[in-house]
Amino acid sequence: MTSSDKPGNAAEAPADTTGTAGATGVAAQDWTTAAADPQYRAAVVDLLGALAYGELAAFERLAEDAKLAPTLVDKAELAKMASAEFHHFERLRDRLAEIGEEPTAAMEPFVSAYDGFHKQTAPSDWLEGLVKAYVGDSIASDFYREVAARLDSDTRELVLAVLDDTGHAGFAVEKVRAAIDADPRVGGRLALWARRLMGEALSQSQRVVADRDALSTMLVGGVADGFDLAEVGRMFSRITEAHTKRMAALGLAA
């Protein structure tokens with residue numbers, strides 16, 4: 001699940017790093033121009049493959065979470081969100097095909113990492129599933145938004161579009177806060193769960209990047225307009241700050 005984390009402004013997204021005013025380098029180019037660099041092209045294929053499998057996994061997980069929903073209304077809400085995630089997957093799959101890449105081959109390198117993350121963070125109940133979708137997945141979304149600021153205009157537009165909120169953010173905040181109001185003891189358990197998700201999500205992101213040479217090279221400035229090492233630190237500080245705000249929106253201690 002990807003989310004822009006704007007549940008009626010219940011939590012602020014990280015500082016906007018995707019503005020394009022005065023953009024230079026690759027960020028000022030379109031895909032055709034930027035893709036002339038084979039390393040950049042390989043990095044973008046990796047990025048789209050990772051995002052595509054992430055959206056497909058989110059669709060599957062939301063469908064599974066619907067089974068834990070306490071009411072038919074909740075089941076229907078999750079089904080609608082799952083449908084939105086699948087639509088995001090289709091856009092990424094179609095884009096990979098459009099640029100001459102086989103979508104399944106582009107996704108395959110990321111299956112193990114995503115499946116491992118979801119296996120390690122399988123929710124035990126409805127509320128843990130909501131927290132995972134809101135907090136856990138949003139960490140990955142923040143990371144991809146940071147990367148998007150360094151992409152060509154065509155790819156950036158697509159990446160930001162598939163990171164749009166599917167409605168889960170506001171839904172999760174409402175349900176979790178209501179559960180805590182009804183039984184304050186729930187808050188402690190969910191806070192521990194959210195901290196675990198934070199650690200697992202960051203570890204997964206680092207593994208994915210480290211395993212893909214083109215993607216890691218782009219991120220640290222070897223291709224396109226990547227981050228320098230100081231900016232990498234600032235990026236993770238922004239992601240952590242956004243996580244703290246989301247926890248507050250849920251009524252949980254970070």
# chains A, B, ... in the order shown; residues from 1 in each chain; ligands from 1
$ residues_around --residues "segment 97-103 of chain A" --least-positions-apart "6" --cutoff "9 Å" --atoms "only C-alpha atoms" --output "list in words"
Val45, Leu48, Gly49 and Ala52 of chain A
$ write_last_selection --atoms "N, CA, C and O atoms" --output "short mmCIF file (atom, residue, chain, number, x, y, z; two decimals), in the first residue's frame"
data_model
loop_
_atom_site.label_atom_id
_atom_site.label_comp_id
_atom_site.auth_asym_id
_atom_site.auth_seq_id
_atom_site.Cartn_x
_atom_site.Cartn_y
_atom_site.Cartn_z
N VAL A 45 14.54 1.17 -14.73
CA VAL A 45 13.87 -0.12 -14.88
C VAL A 45 13.81 -0.83 -13.53
O VAL A 45 12.77 -1.40 -13.15
N LEU A 48 11.13 1.02 -11.38
CA LEU A 48 9.76 0.70 -11.79
C LEU A 48 9.41 -0.75 -11.46
O LEU A 48 8.28 -1.06 -11.08
N GLY A 49 10.38 -1.65 -11.60
CA GLY A 49 10.14 -3.04 -11.25
C GLY A 49 9.85 -3.21 -9.77
O GLY A 49 8.94 -3.95 -9.38
N ALA A 52 6.42 -1.74 -9.07
CA ALA A 52 5.35 -2.58 -9.62
C ALA A 52 5.08 -3.78 -8.72
O ALA A 52 3.93 -4.10 -8.41
#
$ atom_distance --atom1 "atom CA of Leu92 of chain A" --atom2 "atom CA of Val209 of chain A"
19.0 Å
$ residues_around --residues "Thr33 of chain A" --least-positions-apart "4" --cutoff "12 Å" --atoms "only C-alpha atoms" --output "PyMOL selection string"
chain A and resi 25-29+37-38+40-41+151-155+224
$ closest_residue --among "A:Thr166, A:Ala35, A:Ala140, A:Tyr114" --to "His87 of chain A" --atoms "only C-alpha atoms"
A:Thr166
$ atom_distance --atom1 "atom CA of Val73 of chain A" --atom2 "atom CA of Phe86 of chain A"
20.3 Å
$ select_by_dssp --residues "segment 54-230 of chain A" --states "helix (DSSP H, G or I)" --output "PyMOL selection string"
chain A and resi 54-68+72-98+103-120+126-148+153-162+168-182+185-211+213-219+229-230
$ residues_around --residues "Asp46 of chain A" --least-positions-apart "6" --cutoff "8 Å" --atoms "only C-alpha atoms" --output "list in words"
Ala106, Met107, Arg212, Ala214 and Leu215 of chain A
$ write_last_selection --atoms "N, CA and C atoms" --output "PDB file, in the first residue's frame"
ATOM      1  N   ALA A 106      11.502  -7.432 -14.864  1.00  0.00           N
ATOM      2  CA  ALA A 106      11.862  -6.238 -14.101  1.00  0.00           C
ATOM      3  C   ALA A 106      11.471  -6.374 -12.633  1.00  0.00           C
ATOM      4  N   MET A 107      10.387  -7.085 -12.362  1.00  0.00           N
ATOM      5  CA  MET A 107       9.916  -7.256 -10.986  1.00  0.00           C
ATOM      6  C   MET A 107      10.643  -8.356 -10.237  1.00  0.00           C
ATOM      7  N   ARG A 212      21.196  -3.901  -6.015  1.00  0.00           N
ATOM      8  CA  ARG A 212      21.031  -3.483  -7.409  1.00  0.00           C
ATOM      9  C   ARG A 212      22.026  -2.374  -7.723  1.00  0.00           C
ATOM     10  N   ALA A 214      22.855  -0.583 -10.392  1.00  0.00           N
ATOM     11  CA  ALA A 214      22.434   0.623 -11.114  1.00  0.00           C
ATOM     12  C   ALA A 214      21.639   1.549 -10.203  1.00  0.00           C
ATOM     13  N   LEU A 215      20.767   0.966  -9.400  1.00  0.00           N
ATOM     14  CA  LEU A 215      19.934   1.768  -8.510  1.00  0.00           C
ATOM     15  C   LEU A 215      20.771   2.430  -7.424  1.00  0.00           C
TER      16      LEU A 215
END
$ atom_distance --atom1 "atom CA of Ala242 of chain A" --atom2 "atom CA of Val135 of chain A"
9.6 Å
$ residues_around --residues "Ala248 of chain A" --least-positions-apart "2" --cutoff "12 Å" --atoms "only C-alpha atoms" --output "list of chain:residue names"
A:Ala10, A:Ala11, A:Glu12, A:Val135, A:Val173, A:Val176, A:Arg177, A:Gly187, A:Ala191, A:Ala194, A:Glu241, A:Ala242, A:His243, A:Thr244, A:Lys245, A:Arg246, A:Leu250, A:Gly251, A:Leu252, A:Ala253, A:Ala254
$ write_last_selection --atoms "all heavy atoms" --output "compact mmCIF listing (two decimals), in the first residue's frame"
# COMPACT_ATOMS: atom_id res chain seq x y z
N ALA A 10 -4.31 14.70 8.70
CA ALA A 10 -4.02 14.12 10.00
C ALA A 10 -2.53 14.01 10.22
O ALA A 10 -2.05 14.04 11.32
CB ALA A 10 -4.67 12.74 10.11
N ALA A 11 -1.76 13.84 9.17
CA ALA A 11 -0.30 13.79 9.30
C ALA A 11 0.30 14.45 8.10
O ALA A 11 -0.20 14.31 6.99
CB ALA A 11 0.18 12.34 9.40
N GLU A 12 1.36 15.17 8.30
CA GLU A 12 2.02 15.83 7.19
C GLU A 12 2.96 14.87 6.50
O GLU A 12 3.61 14.05 7.12
CB GLU A 12 2.82 17.03 7.70
CG GLU A 12 1.95 18.11 8.32
CD GLU A 12 2.79 19.27 8.83
OE1 GLU A 12 3.99 19.33 8.46
OE2 GLU A 12 2.27 20.09 9.59
N VAL A 135 1.63 2.99 8.36
CA VAL A 135 2.98 3.35 8.80
C VAL A 135 4.05 2.66 7.96
O VAL A 135 4.94 3.31 7.41
CB VAL A 135 3.18 3.02 10.30
CG1 VAL A 135 4.64 3.24 10.70
CG2 VAL A 135 2.26 3.88 11.16
N VAL A 173 -6.28 5.90 10.35
CA VAL A 173 -6.24 6.81 11.49
C VAL A 173 -7.56 6.76 12.27
O VAL A 173 -7.58 6.66 13.50
CB VAL A 173 -5.94 8.25 11.03
CG1 VAL A 173 -6.17 9.25 12.16
CG2 VAL A 173 -4.50 8.36 10.53
N VAL A 176 -7.91 3.20 14.07
CA VAL A 176 -6.94 2.95 15.15
C VAL A 176 -7.21 3.87 16.34
O VAL A 176 -7.19 3.43 17.49
CB VAL A 176 -5.50 3.11 14.64
CG1 VAL A 176 -4.50 3.09 15.79
CG2 VAL A 176 -5.18 2.01 13.63
N ARG A 177 -7.47 5.14 16.08
CA ARG A 177 -7.75 6.06 17.18
C ARG A 177 -9.02 5.65 17.93
O ARG A 177 -9.07 5.75 19.17
CB ARG A 177 -7.85 7.49 16.66
CG ARG A 177 -6.54 8.06 16.16
CD ARG A 177 -6.64 9.56 15.92
NE ARG A 177 -6.67 10.29 17.17
CZ ARG A 177 -5.62 10.92 17.69
NH1 ARG A 177 -4.46 10.90 17.04
NH2 ARG A 177 -5.72 11.57 18.81
N GLY A 187 -2.97 0.88 22.60
CA GLY A 187 -1.96 1.81 22.10
C GLY A 187 -0.53 1.34 22.31
O GLY A 187 0.31 1.48 21.42
N ALA A 191 2.06 0.61 19.31
CA ALA A 191 3.28 1.42 19.22
C ALA A 191 4.51 0.54 19.04
O ALA A 191 5.40 0.84 18.22
CB ALA A 191 3.42 2.29 20.47
N ALA A 194 4.49 -0.72 15.47
CA ALA A 194 4.90 0.30 14.50
C ALA A 194 6.41 0.51 14.52
O ALA A 194 7.02 0.73 13.47
CB ALA A 194 4.18 1.62 14.80
N GLU A 241 11.32 11.67 10.55
CA GLU A 241 10.45 12.72 11.05
C GLU A 241 9.01 12.49 10.59
O GLU A 241 8.05 12.67 11.36
CB GLU A 241 10.94 14.09 10.57
CG GLU A 241 10.09 15.25 11.05
CD GLU A 241 10.58 16.59 10.53
OE1 GLU A 241 11.62 16.61 9.84
OE2 GLU A 241 9.92 17.61 10.80
N ALA A 242 8.85 12.10 9.33
CA ALA A 242 7.50 11.83 8.82
C ALA A 242 6.87 10.66 9.56
O ALA A 242 5.67 10.66 9.84
CB ALA A 242 7.57 11.55 7.32
N HIS A 243 7.67 9.65 9.88
CA HIS A 243 7.17 8.50 10.65
C HIS A 243 6.67 8.95 12.02
O HIS A 243 5.60 8.52 12.47
CB HIS A 243 8.29 7.47 10.81
CG HIS A 243 7.99 6.39 11.79
ND1 HIS A 243 7.08 5.38 11.54
CD2 HIS A 243 8.46 6.16 13.04
CE1 HIS A 243 7.01 4.58 12.58
NE2 HIS A 243 7.84 5.03 13.50
N THR A 244 7.41 9.82 12.67
CA THR A 244 7.00 10.32 13.98
C THR A 244 5.66 11.05 13.89
O THR A 244 4.79 10.90 14.77
CB THR A 244 8.08 11.27 14.54
OG1 THR A 244 9.32 10.56 14.66
CG2 THR A 244 7.69 11.80 15.91
N LYS A 245 5.47 11.83 12.83
CA LYS A 245 4.20 12.54 12.66
C LYS A 245 3.04 11.57 12.42
O LYS A 245 1.93 11.80 12.90
CB LYS A 245 4.32 13.53 11.50
CG LYS A 245 5.24 14.72 11.79
CD LYS A 245 5.35 15.65 10.60
CE LYS A 245 6.25 16.82 10.92
NZ LYS A 245 6.41 17.75 9.77
N ARG A 246 3.31 10.50 11.67
CA ARG A 246 2.25 9.53 11.44
C ARG A 246 1.85 8.83 12.74
O ARG A 246 0.68 8.56 12.99
CB ARG A 246 2.69 8.49 10.42
CG ARG A 246 2.78 9.01 9.02
CD ARG A 246 3.01 7.90 8.01
NE ARG A 246 3.43 8.50 6.77
CZ ARG A 246 4.68 8.60 6.37
NH1 ARG A 246 5.65 8.09 7.11
NH2 ARG A 246 4.98 9.18 5.24
N LEU A 250 -1.86 8.72 14.66
CA LEU A 250 -2.54 7.52 15.13
C LEU A 250 -2.79 7.54 16.63
O LEU A 250 -3.51 6.69 17.16
CB LEU A 250 -1.71 6.28 14.79
CG LEU A 250 -1.63 5.87 13.33
CD1 LEU A 250 -0.57 4.79 13.14
CD2 LEU A 250 -2.97 5.39 12.81
N GLY A 251 -2.17 8.48 17.34
CA GLY A 251 -2.28 8.52 18.78
C GLY A 251 -1.30 7.60 19.46
O GLY A 251 -1.53 7.14 20.59
N LEU A 252 -0.18 7.30 18.78
CA LEU A 252 0.83 6.37 19.30
C LEU A 252 2.13 7.11 19.56
O LEU A 252 2.45 8.09 18.90
CB LEU A 252 1.09 5.24 18.30
CG LEU A 252 -0.11 4.38 17.91
CD1 LEU A 252 0.30 3.39 16.82
CD2 LEU A 252 -0.67 3.65 19.12
N ALA A 253 2.90 6.59 20.51
CA ALA A 253 4.23 7.15 20.79
C ALA A 253 5.21 6.58 19.80
O ALA A 253 5.21 5.37 19.52
CB ALA A 253 4.65 6.80 22.22
N ALA A 254 6.07 7.43 19.25
CA ALA A 254 7.05 6.98 18.25
C ALA A 254 8.13 6.14 18.92
O ALA A 254 8.43 6.30 20.08
CB ALA A 254 7.67 8.18 17.56
$ residues_around --residues "Ala79 of chain A" --least-positions-apart "6" --cutoff "9 Å" --atoms "only C-alpha atoms" --output "VMD selection string"
chain A and resid 59 62 to 63 66
$ write_last_selection --atoms "N, CA, C and O atoms" --output "compact mmCIF listing (two decimals), in the first residue's frame"
# COMPACT_ATOMS: atom_id res chain seq x y z
N PHE A 59 -1.75 -5.01 -3.22
CA PHE A 59 -3.08 -5.48 -3.63
C PHE A 59 -3.42 -6.81 -2.96
O PHE A 59 -4.49 -6.99 -2.38
N LEU A 62 -3.93 -6.32 0.92
CA LEU A 62 -5.20 -5.67 1.29
C LEU A 62 -6.37 -6.64 1.12
O LEU A 62 -7.31 -6.64 1.92
N ALA A 63 -6.29 -7.46 0.09
CA ALA A 63 -7.34 -8.46 -0.09
C ALA A 63 -7.34 -9.45 1.07
O ALA A 63 -8.41 -9.87 1.55
N ALA A 66 -8.72 -7.82 4.26
CA ALA A 66 -10.18 -7.68 4.25
C ALA A 66 -10.85 -8.83 4.99
O ALA A 66 -11.94 -8.67 5.55
$ closest_residue --among "A:Leu130, A:Arg238, A:Gly54, A:Arg207" --to "Asp142 of chain A" --atoms "only C-alpha atoms"
A:Arg238
$ closest_residue --among "A:Glu128, A:Glu64, A:Glu231, A:Glu85" --to "Ala172 of chain A" --atoms "only C-alpha atoms"
A:Glu128
$ decode --residues "segment 88-172 of chain A" --atoms "C-alpha atoms" --output "PDB file, in the first residue's frame"
ATOM      1  CA  HIS A  88      -1.255   1.429  -9.871  1.00  0.00           C
ATOM      2  CA  PHE A  89       0.416  -1.894 -10.648  1.00  0.00           C
ATOM      3  CA  GLU A  90      -1.130  -1.910 -14.114  1.00  0.00           C
ATOM      4  CA  ARG A  91       0.217   1.566 -14.870  1.00  0.00           C
ATOM      5  CA  LEU A  92       3.745   0.534 -13.894  1.00  0.00           C
ATOM      6  CA  ARG A  93       3.506  -2.758 -15.781  1.00  0.00           C
ATOM      7  CA  ASP A  94       2.283  -0.957 -18.893  1.00  0.00           C
ATOM      8  CA  ARG A  95       5.038   1.639 -18.641  1.00  0.00           C
ATOM      9  CA  LEU A  96       7.709  -1.048 -18.463  1.00  0.00           C
ATOM     10  CA  ALA A  97       6.263  -2.685 -21.564  1.00  0.00           C
ATOM     11  CA  GLU A  98       6.064   0.694 -23.313  1.00  0.00           C
ATOM     12  CA  ILE A  99       9.791   1.310 -22.880  1.00  0.00           C
ATOM     13  CA  GLY A 100      10.614  -2.162 -24.187  1.00  0.00           C
ATOM     14  CA  GLU A 101      11.118  -4.032 -20.907  1.00  0.00           C
ATOM     15  CA  GLU A 102       9.490  -7.308 -19.877  1.00  0.00           C
ATOM     16  CA  PRO A 103       7.525  -6.450 -16.686  1.00  0.00           C
ATOM     17  CA  THR A 104       7.937  -9.826 -15.008  1.00  0.00           C
ATOM     18  CA  ALA A 105      11.702  -9.777 -15.515  1.00  0.00           C
ATOM     19  CA  ALA A 106      11.862  -6.238 -14.101  1.00  0.00           C
ATOM     20  CA  MET A 107       9.916  -7.256 -10.986  1.00  0.00           C
ATOM     21  CA  GLU A 108      11.606 -10.588 -10.323  1.00  0.00           C
ATOM     22  CA  PRO A 109      14.738  -9.254  -8.535  1.00  0.00           C
ATOM     23  CA  PHE A 110      12.534  -7.671  -5.857  1.00  0.00           C
ATOM     24  CA  VAL A 111      10.187 -10.548  -5.103  1.00  0.00           C
ATOM     25  CA  SER A 112      12.366 -12.060  -2.394  1.00  0.00           C
ATOM     26  CA  ALA A 113      12.873  -8.789  -0.517  1.00  0.00           C
ATOM     27  CA  TYR A 114       9.204  -7.819  -0.570  1.00  0.00           C
ATOM     28  CA  ASP A 115       7.954 -11.282   0.280  1.00  0.00           C
ATOM     29  CA  GLY A 116      10.500 -11.534   3.077  1.00  0.00           C
ATOM     30  CA  PHE A 117       9.344  -8.207   4.516  1.00  0.00           C
ATOM     31  CA  HIS A 118       5.698  -9.228   4.433  1.00  0.00           C
ATOM     32  CA  LYS A 119       6.492 -12.617   5.966  1.00  0.00           C
ATOM     33  CA  GLN A 120       8.405 -10.958   8.795  1.00  0.00           C
ATOM     34  CA  THR A 121       5.626  -8.426   9.403  1.00  0.00           C
ATOM     35  CA  ALA A 122       2.449 -10.468   9.003  1.00  0.00           C
ATOM     36  CA  PRO A 123      -0.213  -8.762  11.165  1.00  0.00           C
ATOM     37  CA  SER A 124      -1.885 -10.825  13.854  1.00  0.00           C
ATOM     38  CA  ASP A 125      -5.135  -8.877  13.765  1.00  0.00           C
ATOM     39  CA  TRP A 126      -7.135  -6.173  12.006  1.00  0.00           C
ATOM     40  CA  LEU A 127      -5.531  -3.238  13.821  1.00  0.00           C
ATOM     41  CA  GLU A 128      -1.980  -4.405  13.153  1.00  0.00           C
ATOM     42  CA  GLY A 129      -2.880  -4.686   9.480  1.00  0.00           C
ATOM     43  CA  LEU A 130      -4.116  -1.092   9.425  1.00  0.00           C
ATOM     44  CA  VAL A 131      -0.988   0.188  11.163  1.00  0.00           C
ATOM     45  CA  LYS A 132       1.197  -1.732   8.739  1.00  0.00           C
ATOM     46  CA  ALA A 133      -0.542  -0.250   5.710  1.00  0.00           C
ATOM     47  CA  TYR A 134      -0.425   3.278   7.104  1.00  0.00           C
ATOM     48  CA  VAL A 135       2.979   3.353   8.800  1.00  0.00           C
ATOM     49  CA  GLY A 136       5.023   0.582   7.210  1.00  0.00           C
ATOM     50  CA  ASP A 137       4.168   1.150   3.592  1.00  0.00           C
ATOM     51  CA  SER A 138       4.368   4.920   3.945  1.00  0.00           C
ATOM     52  CA  ILE A 139       8.046   4.685   4.847  1.00  0.00           C
ATOM     53  CA  ALA A 140       8.700   3.099   1.461  1.00  0.00           C
ATOM     54  CA  SER A 141       6.549   5.745  -0.206  1.00  0.00           C
ATOM     55  CA  ASP A 142       8.608   8.515   1.402  1.00  0.00           C
ATOM     56  CA  PHE A 143      11.782   6.907   0.098  1.00  0.00           C
ATOM     57  CA  TYR A 144      10.434   6.680  -3.446  1.00  0.00           C
ATOM     58  CA  ARG A 145       9.292  10.314  -3.363  1.00  0.00           C
ATOM     59  CA  GLU A 146      12.802  11.354  -2.415  1.00  0.00           C
ATOM     60  CA  VAL A 147      14.161   9.398  -5.372  1.00  0.00           C
ATOM     61  CA  ALA A 148      11.495  10.818  -7.701  1.00  0.00           C
ATOM     62  CA  ALA A 149      12.937  14.312  -7.366  1.00  0.00           C
ATOM     63  CA  ARG A 150      16.050  13.058  -9.204  1.00  0.00           C
ATOM     64  CA  LEU A 151      14.210  11.410 -12.097  1.00  0.00           C
ATOM     65  CA  ASP A 152      13.382  12.566 -15.603  1.00  0.00           C
ATOM     66  CA  SER A 153      10.061  14.374 -15.912  1.00  0.00           C
ATOM     67  CA  ASP A 154       8.119  11.484 -17.473  1.00  0.00           C
ATOM     68  CA  THR A 155       9.245   8.908 -14.921  1.00  0.00           C
ATOM     69  CA  ARG A 156       8.831  11.336 -12.040  1.00  0.00           C
ATOM     70  CA  GLU A 157       5.218  12.032 -13.021  1.00  0.00           C
ATOM     71  CA  LEU A 158       4.395   8.313 -13.108  1.00  0.00           C
ATOM     72  CA  VAL A 159       6.134   7.509  -9.815  1.00  0.00           C
ATOM     73  CA  LEU A 160       4.374  10.315  -7.967  1.00  0.00           C
ATOM     74  CA  ALA A 161       1.018   9.274  -9.450  1.00  0.00           C
ATOM     75  CA  VAL A 162       1.292   5.686  -8.219  1.00  0.00           C
ATOM     76  CA  LEU A 163       2.268   6.924  -4.755  1.00  0.00           C
ATOM     77  CA  ASP A 164      -1.031   8.783  -4.446  1.00  0.00           C
ATOM     78  CA  ASP A 165      -3.106   8.030  -1.378  1.00  0.00           C
ATOM     79  CA  THR A 166      -5.658   5.273  -2.028  1.00  0.00           C
ATOM     80  CA  GLY A 167      -7.729   6.349   0.980  1.00  0.00           C
ATOM     81  CA  HIS A 168      -6.128   4.004   3.474  1.00  0.00           C
ATOM     82  CA  ALA A 169      -4.442   6.770   5.466  1.00  0.00           C
ATOM     83  CA  GLY A 170      -7.583   8.471   6.757  1.00  0.00           C
ATOM     84  CA  PHE A 171      -9.354   5.144   7.175  1.00  0.00           C
ATOM     85  CA  ALA A 172      -6.501   3.724   9.287  1.00  0.00           C
TER      86      ALA A 172
END
